[in-house]
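Asks: My structure is stored as input-v8.cif, with mmCIF, N, CA and C atoms.
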data_query
loop_
_atom_site.label_atom_id
_atom_site.label_comp_id
_atom_site.auth_asym_id
_atom_site.auth_seq_id
_atom_site.Cartn_x
_atom_site.Cartn_y
_atom_site.Cartn_z
N MET A 281 -56.32 -82.80 56.08
CA MET A 281 -55.73 -81.50 56.14
C MET A 281 -56.65 -80.50 55.44
N ALA A 282 -56.80 -79.35 56.01
CA ALA A 282 -57.67 -78.32 55.46
C ALA A 282 -56.86 -77.26 54.72
N ASP A 283 -57.47 -76.72 53.69
CA ASP A 283 -56.87 -75.62 52.94
C ASP A 283 -57.62 -74.34 53.28
N TYR A 284 -56.89 -73.29 53.60
CA TYR A 284 -57.48 -72.00 53.94
C TYR A 284 -57.36 -71.06 52.75
N TYR A 285 -58.40 -70.26 52.52
CA TYR A 285 -58.45 -69.36 51.37
C TYR A 285 -58.89 -67.96 51.78
N THR A 286 -58.42 -66.99 51.03
CA THR A 286 -58.93 -65.62 51.12
C THR A 286 -59.39 -65.23 49.72
N HIS A 287 -60.66 -64.83 49.60
CA HIS A 287 -61.23 -64.48 48.31
C HIS A 287 -61.65 -63.02 48.28
N PHE A 288 -61.40 -62.37 47.16
CA PHE A 288 -61.89 -61.02 46.94
C PHE A 288 -62.08 -60.83 45.45
N SER A 289 -62.99 -59.94 45.10
CA SER A 289 -63.28 -59.64 43.71
C SER A 289 -64.01 -58.31 43.68
N PHE A 290 -63.46 -57.34 42.95
CA PHE A 290 -64.07 -56.02 42.86
C PHE A 290 -63.62 -55.34 41.58
N THR A 291 -64.27 -54.23 41.25
CA THR A 291 -63.92 -53.52 40.02
C THR A 291 -63.64 -52.05 40.30
N ILE A 292 -62.83 -51.49 39.44
CA ILE A 292 -62.65 -50.04 39.35
C ILE A 292 -63.36 -49.66 38.05
N ASP A 293 -64.41 -48.89 38.18
CA ASP A 293 -65.28 -48.59 37.04
C ASP A 293 -64.83 -47.36 36.26
N ASN A 294 -65.38 -47.24 35.06
CA ASN A 294 -65.20 -46.07 34.20
C ASN A 294 -63.73 -45.78 33.88
N LEU A 295 -63.02 -46.79 33.41
CA LEU A 295 -61.61 -46.60 33.05
C LEU A 295 -61.50 -45.63 31.88
N THR A 296 -60.52 -44.75 31.96
CA THR A 296 -60.20 -43.89 30.83
C THR A 296 -59.37 -44.71 29.83
N ASP A 297 -59.17 -44.15 28.65
CA ASP A 297 -58.34 -44.85 27.66
C ASP A 297 -56.92 -45.02 28.17
N GLU A 298 -56.40 -44.01 28.86
CA GLU A 298 -55.04 -44.09 29.41
C GLU A 298 -54.94 -45.18 30.48
N GLU A 299 -55.91 -45.23 31.38
CA GLU A 299 -55.92 -46.25 32.44
C GLU A 299 -56.05 -47.64 31.83
N SER A 300 -56.95 -47.77 30.87
CA SER A 300 -57.17 -49.05 30.21
C SER A 300 -55.91 -49.54 29.51
N ALA A 301 -55.24 -48.66 28.79
CA ALA A 301 -54.01 -49.04 28.08
C ALA A 301 -52.93 -49.50 29.06
N ALA A 302 -52.78 -48.79 30.16
CA ALA A 302 -51.77 -49.16 31.16
C ALA A 302 -52.09 -50.52 31.79
N MET A 303 -53.38 -50.76 32.08
CA MET A 303 -53.76 -52.02 32.70
C MET A 303 -53.69 -53.18 31.72
N LEU A 304 -54.02 -52.95 30.44
CA LEU A 304 -53.87 -53.99 29.43
C LEU A 304 -52.40 -54.37 29.26
N ALA A 305 -51.52 -53.39 29.34
CA ALA A 305 -50.09 -53.68 29.25
C ALA A 305 -49.64 -54.55 30.42
N ILE A 306 -50.14 -54.25 31.60
CA ILE A 306 -49.79 -55.05 32.78
C ILE A 306 -50.25 -56.49 32.63
N GLN A 307 -51.44 -56.67 32.03
CA GLN A 307 -51.97 -58.02 31.82
C GLN A 307 -51.05 -58.87 30.95
N SER A 308 -50.38 -58.25 29.98
CA SER A 308 -49.65 -59.03 28.98
C SER A 308 -48.13 -58.92 29.05
N ASP A 309 -47.62 -57.97 29.83
CA ASP A 309 -46.18 -57.71 29.82
C ASP A 309 -45.64 -57.56 31.24
N PRO A 310 -44.84 -58.53 31.71
CA PRO A 310 -44.27 -58.43 33.05
C PRO A 310 -43.44 -57.17 33.27
N ASP A 311 -42.80 -56.67 32.21
CA ASP A 311 -42.02 -55.44 32.35
C ASP A 311 -42.91 -54.24 32.65
N ALA A 312 -44.13 -54.25 32.11
CA ALA A 312 -45.07 -53.15 32.37
C ALA A 312 -45.45 -53.14 33.85
N LEU A 313 -45.61 -54.33 34.43
CA LEU A 313 -45.90 -54.40 35.87
C LEU A 313 -44.72 -53.88 36.67
N ALA A 314 -43.52 -54.25 36.28
CA ALA A 314 -42.33 -53.76 36.99
C ALA A 314 -42.24 -52.24 36.91
N ASN A 315 -42.54 -51.67 35.74
CA ASN A 315 -42.52 -50.21 35.60
C ASN A 315 -43.62 -49.56 36.42
N PHE A 316 -44.80 -50.17 36.42
CA PHE A 316 -45.90 -49.65 37.23
C PHE A 316 -45.52 -49.67 38.71
N ALA A 317 -44.88 -50.75 39.14
CA ALA A 317 -44.45 -50.87 40.54
C ALA A 317 -43.45 -49.77 40.89
N LYS A 318 -42.54 -49.48 39.98
CA LYS A 318 -41.55 -48.42 40.23
C LYS A 318 -42.20 -47.05 40.37
N ASP A 319 -43.32 -46.89 39.68
CA ASP A 319 -43.99 -45.59 39.66
C ASP A 319 -44.86 -45.32 40.88
N GLY A 320 -44.88 -46.19 41.86
CA GLY A 320 -45.70 -45.84 43.01
C GLY A 320 -46.07 -46.99 43.91
N ALA A 321 -45.57 -48.16 43.62
CA ALA A 321 -45.90 -49.29 44.48
C ALA A 321 -44.67 -50.17 44.64
N ASP A 322 -43.68 -49.63 45.30
CA ASP A 322 -42.43 -50.36 45.49
C ASP A 322 -42.64 -51.68 46.23
N GLU A 323 -43.77 -51.77 46.97
CA GLU A 323 -44.02 -52.98 47.75
C GLU A 323 -44.51 -54.14 46.90
N ILE A 324 -44.86 -53.89 45.62
CA ILE A 324 -45.32 -54.97 44.75
C ILE A 324 -44.12 -55.85 44.41
N ASP A 325 -44.23 -57.13 44.73
CA ASP A 325 -43.18 -58.08 44.41
C ASP A 325 -43.50 -58.69 43.05
N VAL A 326 -42.88 -58.16 42.00
CA VAL A 326 -43.20 -58.58 40.64
C VAL A 326 -42.79 -60.03 40.37
N ASP A 327 -41.92 -60.59 41.20
CA ASP A 327 -41.53 -61.98 41.03
C ASP A 327 -42.53 -62.95 41.65
N TYR A 328 -43.43 -62.42 42.47
CA TYR A 328 -44.44 -63.25 43.12
C TYR A 328 -45.81 -62.60 42.91
N TRP A 329 -46.22 -62.51 41.68
CA TRP A 329 -47.44 -61.79 41.30
C TRP A 329 -48.57 -62.78 41.07
N HIS A 330 -49.58 -62.75 41.93
CA HIS A 330 -50.72 -63.65 41.79
C HIS A 330 -52.04 -62.89 41.86
N LEU A 331 -52.00 -61.62 41.56
CA LEU A 331 -53.21 -60.80 41.60
C LEU A 331 -53.84 -60.81 40.22
N GLY A 332 -55.13 -61.15 40.15
CA GLY A 332 -55.84 -61.11 38.88
C GLY A 332 -56.22 -59.67 38.56
N VAL A 333 -55.78 -59.18 37.42
CA VAL A 333 -56.06 -57.82 36.97
C VAL A 333 -56.48 -57.92 35.51
N GLN A 334 -57.76 -57.62 35.23
CA GLN A 334 -58.26 -57.75 33.87
C GLN A 334 -59.14 -56.57 33.50
N VAL A 335 -58.90 -56.02 32.32
CA VAL A 335 -59.77 -54.98 31.78
C VAL A 335 -60.96 -55.66 31.12
N GLN A 336 -62.15 -55.19 31.46
CA GLN A 336 -63.38 -55.75 30.90
C GLN A 336 -64.20 -54.63 30.27
N GLY A 337 -65.06 -55.00 29.34
CA GLY A 337 -65.93 -54.03 28.71
C GLY A 337 -65.27 -53.38 27.52
N SER A 338 -65.98 -52.39 26.95
CA SER A 338 -65.45 -51.69 25.79
C SER A 338 -66.03 -50.28 25.74
N GLY A 339 -65.43 -49.47 24.90
CA GLY A 339 -65.90 -48.09 24.74
C GLY A 339 -65.81 -47.32 26.05
N ASP A 340 -66.90 -46.64 26.39
CA ASP A 340 -66.94 -45.84 27.62
C ASP A 340 -67.30 -46.67 28.85
N ASP A 341 -67.52 -47.97 28.65
CA ASP A 341 -67.96 -48.82 29.75
C ASP A 341 -66.89 -49.86 30.10
N LYS A 342 -65.66 -49.39 30.35
CA LYS A 342 -64.57 -50.29 30.71
C LYS A 342 -64.37 -50.27 32.22
N GLN A 343 -64.02 -51.40 32.74
CA GLN A 343 -63.71 -51.50 34.16
C GLN A 343 -62.52 -52.42 34.36
N LEU A 344 -61.85 -52.22 35.48
CA LEU A 344 -60.73 -53.06 35.86
C LEU A 344 -61.21 -54.03 36.93
N TRP A 345 -61.16 -55.32 36.62
CA TRP A 345 -61.57 -56.36 37.55
C TRP A 345 -60.33 -56.83 38.29
N ILE A 346 -60.35 -56.72 39.60
CA ILE A 346 -59.23 -57.14 40.45
C ILE A 346 -59.74 -58.27 41.34
N HIS A 347 -59.00 -59.37 41.37
CA HIS A 347 -59.45 -60.54 42.14
C HIS A 347 -58.26 -61.39 42.56
N ASP A 348 -58.53 -62.25 43.54
CA ASP A 348 -57.48 -63.19 43.94
C ASP A 348 -57.32 -64.19 42.80
N ASP A 349 -56.10 -64.58 42.57
CA ASP A 349 -55.80 -65.48 41.45
C ASP A 349 -54.88 -66.59 41.93
N GLY A 350 -55.22 -67.14 43.09
CA GLY A 350 -54.46 -68.27 43.59
C GLY A 350 -53.18 -67.90 44.30
N GLY A 351 -53.27 -67.08 45.31
CA GLY A 351 -52.09 -66.75 46.10
C GLY A 351 -51.94 -65.28 46.40
N ALA A 352 -52.72 -64.44 45.76
CA ALA A 352 -52.64 -63.00 46.05
C ALA A 352 -53.22 -62.73 47.43
N THR A 353 -52.69 -61.73 48.07
CA THR A 353 -53.20 -61.35 49.38
C THR A 353 -54.03 -60.07 49.25
N THR A 354 -54.81 -59.81 50.27
CA THR A 354 -55.58 -58.56 50.29
C THR A 354 -54.63 -57.37 50.33
N GLU A 355 -53.49 -57.53 50.96
CA GLU A 355 -52.49 -56.46 50.98
C GLU A 355 -51.97 -56.17 49.59
N ASP A 356 -51.74 -57.24 48.78
CA ASP A 356 -51.32 -57.05 47.39
C ASP A 356 -52.34 -56.20 46.64
N ALA A 357 -53.61 -56.53 46.82
CA ALA A 357 -54.67 -55.80 46.14
C ALA A 357 -54.69 -54.34 46.59
N ALA A 358 -54.59 -54.11 47.88
CA ALA A 358 -54.63 -52.74 48.40
C ALA A 358 -53.45 -51.92 47.90
N ILE A 359 -52.27 -52.50 47.87
CA ILE A 359 -51.07 -51.80 47.40
C ILE A 359 -51.21 -51.48 45.91
N PHE A 360 -51.72 -52.44 45.13
CA PHE A 360 -51.92 -52.22 43.71
C PHE A 360 -52.94 -51.10 43.47
N VAL A 361 -54.05 -51.15 44.19
CA VAL A 361 -55.09 -50.12 44.05
C VAL A 361 -54.52 -48.75 44.42
N GLN A 362 -53.75 -48.69 45.49
CA GLN A 362 -53.18 -47.41 45.88
C GLN A 362 -52.24 -46.87 44.79
N ALA A 363 -51.45 -47.74 44.19
CA ALA A 363 -50.56 -47.30 43.10
C ALA A 363 -51.39 -46.79 41.92
N PHE A 364 -52.49 -47.48 41.61
CA PHE A 364 -53.39 -47.03 40.55
C PHE A 364 -53.95 -45.64 40.87
N LEU A 365 -54.41 -45.46 42.10
CA LEU A 365 -54.97 -44.17 42.50
C LEU A 365 -53.92 -43.06 42.46
N LYS A 366 -52.73 -43.33 42.96
CA LYS A 366 -51.66 -42.33 42.93
C LYS A 366 -51.38 -41.88 41.51
N ARG A 367 -51.38 -42.82 40.60
CA ARG A 367 -51.01 -42.52 39.21
C ARG A 367 -52.15 -41.88 38.42
N PHE A 368 -53.39 -42.37 38.64
CA PHE A 368 -54.48 -41.96 37.77
C PHE A 368 -55.59 -41.15 38.45
N ARG A 369 -55.87 -41.43 39.72
CA ARG A 369 -57.03 -40.81 40.37
C ARG A 369 -56.68 -40.39 41.81
N PRO A 370 -55.80 -39.43 41.96
CA PRO A 370 -55.31 -39.09 43.30
C PRO A 370 -56.37 -38.56 44.26
N ASP A 371 -57.52 -38.14 43.77
CA ASP A 371 -58.57 -37.61 44.65
C ASP A 371 -59.69 -38.60 44.90
N CYS A 372 -59.52 -39.85 44.48
CA CYS A 372 -60.57 -40.87 44.63
C CYS A 372 -60.22 -41.87 45.73
N ALA A 373 -61.21 -42.63 46.13
CA ALA A 373 -61.03 -43.72 47.10
C ALA A 373 -61.77 -44.95 46.57
N ILE A 374 -61.26 -46.11 46.94
CA ILE A 374 -61.86 -47.38 46.54
C ILE A 374 -61.95 -48.27 47.77
N GLY A 375 -63.05 -48.97 47.91
CA GLY A 375 -63.23 -49.92 49.00
C GLY A 375 -63.50 -51.30 48.44
N PHE A 376 -63.05 -52.31 49.15
CA PHE A 376 -63.38 -53.69 48.77
C PHE A 376 -63.43 -54.58 50.01
N GLN A 377 -64.16 -55.68 49.87
CA GLN A 377 -64.31 -56.64 50.95
C GLN A 377 -63.62 -57.95 50.58
N TYR A 378 -63.35 -58.76 51.58
CA TYR A 378 -62.77 -60.07 51.34
C TYR A 378 -63.42 -61.09 52.27
N ALA A 379 -63.30 -62.36 51.88
CA ALA A 379 -63.86 -63.45 52.68
C ALA A 379 -62.78 -64.48 52.95
N ASN A 380 -62.69 -64.94 54.18
CA ASN A 380 -61.81 -66.04 54.54
C ASN A 380 -62.66 -67.30 54.61
N THR A 381 -62.20 -68.35 53.92
CA THR A 381 -62.94 -69.61 53.89
C THR A 381 -61.97 -70.77 54.08
N CYS A 382 -62.54 -71.96 54.09
CA CYS A 382 -61.73 -73.16 54.31
C CYS A 382 -62.36 -74.33 53.56
N SER A 383 -61.54 -75.29 53.18
CA SER A 383 -62.04 -76.47 52.47
C SER A 383 -62.75 -77.45 53.40
N LYS A 384 -62.56 -77.28 54.70
CA LYS A 384 -63.22 -78.14 55.69
C LYS A 384 -63.76 -77.28 56.81
N PRO A 385 -64.78 -77.75 57.50
CA PRO A 385 -65.31 -76.94 58.61
C PRO A 385 -64.30 -76.85 59.76
N ARG A 386 -63.86 -75.65 60.02
CA ARG A 386 -62.92 -75.37 61.11
C ARG A 386 -63.44 -74.16 61.87
N THR A 387 -63.26 -74.14 63.16
CA THR A 387 -63.79 -73.05 63.97
C THR A 387 -63.05 -71.73 63.74
N ASP A 388 -61.83 -71.80 63.24
CA ASP A 388 -61.05 -70.58 63.03
C ASP A 388 -60.94 -70.19 61.56
N ALA A 389 -61.78 -70.77 60.70
CA ALA A 389 -61.55 -70.66 59.26
C ALA A 389 -62.38 -69.61 58.53
N TYR A 390 -63.40 -69.09 59.14
CA TYR A 390 -64.32 -68.24 58.39
C TYR A 390 -64.34 -66.83 58.95
N GLY A 391 -64.47 -65.90 58.06
CA GLY A 391 -64.49 -64.50 58.47
C GLY A 391 -64.33 -63.62 57.26
N GLY A 392 -63.86 -62.43 57.50
CA GLY A 392 -63.66 -61.52 56.40
C GLY A 392 -63.35 -60.13 56.91
N GLY A 393 -63.39 -59.21 56.00
CA GLY A 393 -63.09 -57.84 56.37
C GLY A 393 -63.22 -56.93 55.18
N ALA A 394 -62.69 -55.73 55.32
CA ALA A 394 -62.80 -54.73 54.26
C ALA A 394 -61.58 -53.82 54.26
N TYR A 395 -61.34 -53.21 53.12
CA TYR A 395 -60.27 -52.24 52.95
C TYR A 395 -60.84 -50.94 52.41
N TYR A 396 -60.29 -49.84 52.87
CA TYR A 396 -60.50 -48.51 52.31
C TYR A 396 -59.14 -48.07 51.79
N VAL A 397 -59.08 -47.65 50.54
CA VAL A 397 -57.81 -47.26 49.94
C VAL A 397 -57.97 -45.93 49.23
N ASP A 398 -57.08 -45.00 49.52
CA ASP A 398 -56.96 -43.78 48.71
C ASP A 398 -55.48 -43.58 48.40
N ALA A 399 -55.14 -42.49 47.78
CA ALA A 399 -53.76 -42.28 47.33
C ALA A 399 -52.78 -42.14 48.49
N LYS A 400 -53.27 -41.82 49.68
CA LYS A 400 -52.38 -41.59 50.83
C LYS A 400 -52.51 -42.63 51.93
N GLU A 401 -53.60 -43.38 51.93
CA GLU A 401 -53.89 -44.24 53.08
C GLU A 401 -54.46 -45.59 52.65
N ILE A 402 -54.07 -46.61 53.39
CA ILE A 402 -54.69 -47.92 53.30
C ILE A 402 -55.17 -48.27 54.70
N ASP A 403 -56.48 -48.50 54.83
CA ASP A 403 -57.06 -48.82 56.13
C ASP A 403 -57.84 -50.12 55.99
N SER A 404 -57.60 -51.06 56.89
CA SER A 404 -58.30 -52.34 56.81
C SER A 404 -59.05 -52.61 58.11
N HIS A 405 -60.08 -53.41 57.97
CA HIS A 405 -60.91 -53.80 59.10
C HIS A 405 -61.12 -55.30 59.00
N ASP A 406 -60.67 -56.03 60.00
CA ASP A 406 -60.81 -57.47 60.03
C ASP A 406 -61.98 -57.84 60.94
N GLY A 407 -62.93 -58.58 60.42
CA GLY A 407 -64.11 -58.95 61.19
C GLY A 407 -63.79 -59.79 62.42
N SER A 408 -62.84 -60.69 62.30
CA SER A 408 -62.47 -61.56 63.42
C SER A 408 -61.85 -60.75 64.56
N GLU A 409 -60.99 -59.81 64.20
CA GLU A 409 -60.36 -58.96 65.21
C GLU A 409 -61.40 -58.10 65.92
N TRP A 410 -62.33 -57.55 65.15
CA TRP A 410 -63.41 -56.75 65.73
C TRP A 410 -64.22 -57.59 66.72
N LEU A 411 -64.56 -58.81 66.33
CA LEU A 411 -65.35 -59.68 67.21
C LEU A 411 -64.58 -60.03 68.48
N ARG A 412 -63.29 -60.32 68.37
CA ARG A 412 -62.48 -60.62 69.56
C ARG A 412 -62.50 -59.44 70.54
N LYS A 413 -62.34 -58.23 70.01
CA LYS A 413 -62.35 -57.04 70.88
C LYS A 413 -63.71 -56.87 71.55
N ARG A 414 -64.78 -57.04 70.80
CA ARG A 414 -66.12 -56.89 71.36
C ARG A 414 -66.40 -57.93 72.44
N MET A 415 -65.98 -59.16 72.20
CA MET A 415 -66.19 -60.22 73.19
C MET A 415 -65.37 -59.94 74.45
N LYS A 416 -64.18 -59.44 74.29
CA LYS A 416 -63.34 -59.09 75.44
C LYS A 416 -63.99 -57.96 76.24
N GLN A 417 -64.52 -56.95 75.52
CA GLN A 417 -65.21 -55.85 76.20
C GLN A 417 -66.44 -56.37 76.96
N ALA A 418 -67.19 -57.22 76.33
CA ALA A 418 -68.40 -57.76 76.96
C ALA A 418 -68.04 -58.59 78.19
N SER A 419 -66.98 -59.37 78.06
CA SER A 419 -66.54 -60.19 79.18
C SER A 419 -66.07 -59.32 80.34
N ALA A 420 -65.29 -58.30 80.04
CA ALA A 420 -64.79 -57.40 81.10
C ALA A 420 -65.95 -56.66 81.75
N SER A 421 -66.91 -56.26 80.96
CA SER A 421 -68.07 -55.53 81.49
C SER A 421 -68.89 -56.42 82.40
N ARG A 422 -69.09 -57.65 82.03
CA ARG A 422 -69.87 -58.59 82.84
C ARG A 422 -69.15 -58.91 84.16
N GLU A 423 -67.85 -59.05 84.09
CA GLU A 423 -67.10 -59.34 85.31
C GLU A 423 -67.19 -58.15 86.26
N THR A 424 -67.19 -56.96 85.73
CA THR A 424 -67.25 -55.76 86.55
C THR A 424 -68.60 -55.58 87.19
N THR A 425 -69.66 -55.90 86.45
CA THR A 425 -71.02 -55.65 86.95
C THR A 425 -71.58 -56.80 87.76
N GLU A 426 -71.02 -57.98 87.61
CA GLU A 426 -71.52 -59.11 88.40
C GLU A 426 -70.88 -59.08 89.78
N VAL A 427 -71.71 -59.08 90.80
CA VAL A 427 -71.19 -59.03 92.17
C VAL A 427 -71.68 -60.24 92.95
#
Take the structure in the file and write it out as structure tokens.

Replies:
Amino acid sequence: MADYYTHFSFTIDNLTDEESAAMLAIQSDPDALANFAKDGADEIDVDYWHLGVQVQGSGDDKQLWIHDDGGATTEDAAIFVQAFLKRFRPDCAIGFQYANTCSKPRTDAYGGGAYYVDAKEIDSHDGSEWLRKRMKQASASRETTEV
């Protein structure tokens, strides 16, 4: 039996003291996450939280490291990032990529994609879906031109 995984890891750089304090609270206090969710990310399921969120660095060089932590989805990450942007940086955007992998070689197991997130929009691009569309277009074009 094969195990399928989705991996992502990215940072939000240059955290302010206010941002850092809020994220440190989330790291250590489940109630802080629930309050953060109420403030702009109602879709965050605080009872099923598997998103890695860690403040790194010190002084003026702090960053928020966001990564999969054994069960988080890319959607969880995007929703969390959007809540962060709504609360702290409403005029900014953040992008991140993800990779789909597998514990065994499978033809449907590998791929990836990317997310663009701002305070108003979450947009994702899946590499596998893009490839399927392109192959369909190429196939249709060949059928049309071959006589």

Asks: Would you list the contacts of Phe290 of chain A as a ChimeraX atom specification, taking every protein, DNA or RNA residue within 6.5 Å and counting all atoms listed in the file, but skipping same-chain residues closer than 6 positions in sequence?

Replies: /A:344-347,376

Asks: I need the residues of segment 349-410 of chain A that end up classed as helix (DSSP H, G or I) by DSSP on the backbone, written out as an MDAnalysis selection string.

Replies: chainID A and resid 354:368 407:410

Asks: Please report the interatomic distance between atom CA of Val397 of chain A and atom CA of Gln417 of chain A in Å with one decimal.

Replies: 28.6 Å

Asks: Mind the document's chain letters and residue numbers, and return as a PyMOL selection string the residues of chain A that DSSP labels strand (DSSP E or B).

Replies: chain A and resi 284-287+289-292+331-336+343-348+373-382+391-398+402-406

Asks: Hey, what's within 8 Å of Tyr285 of chain A if we count only C-alpha atoms and toss same-chain stuff fewer than 5 positions away? As a ChimeraX atom specification, please?

Replies: /A:380-382
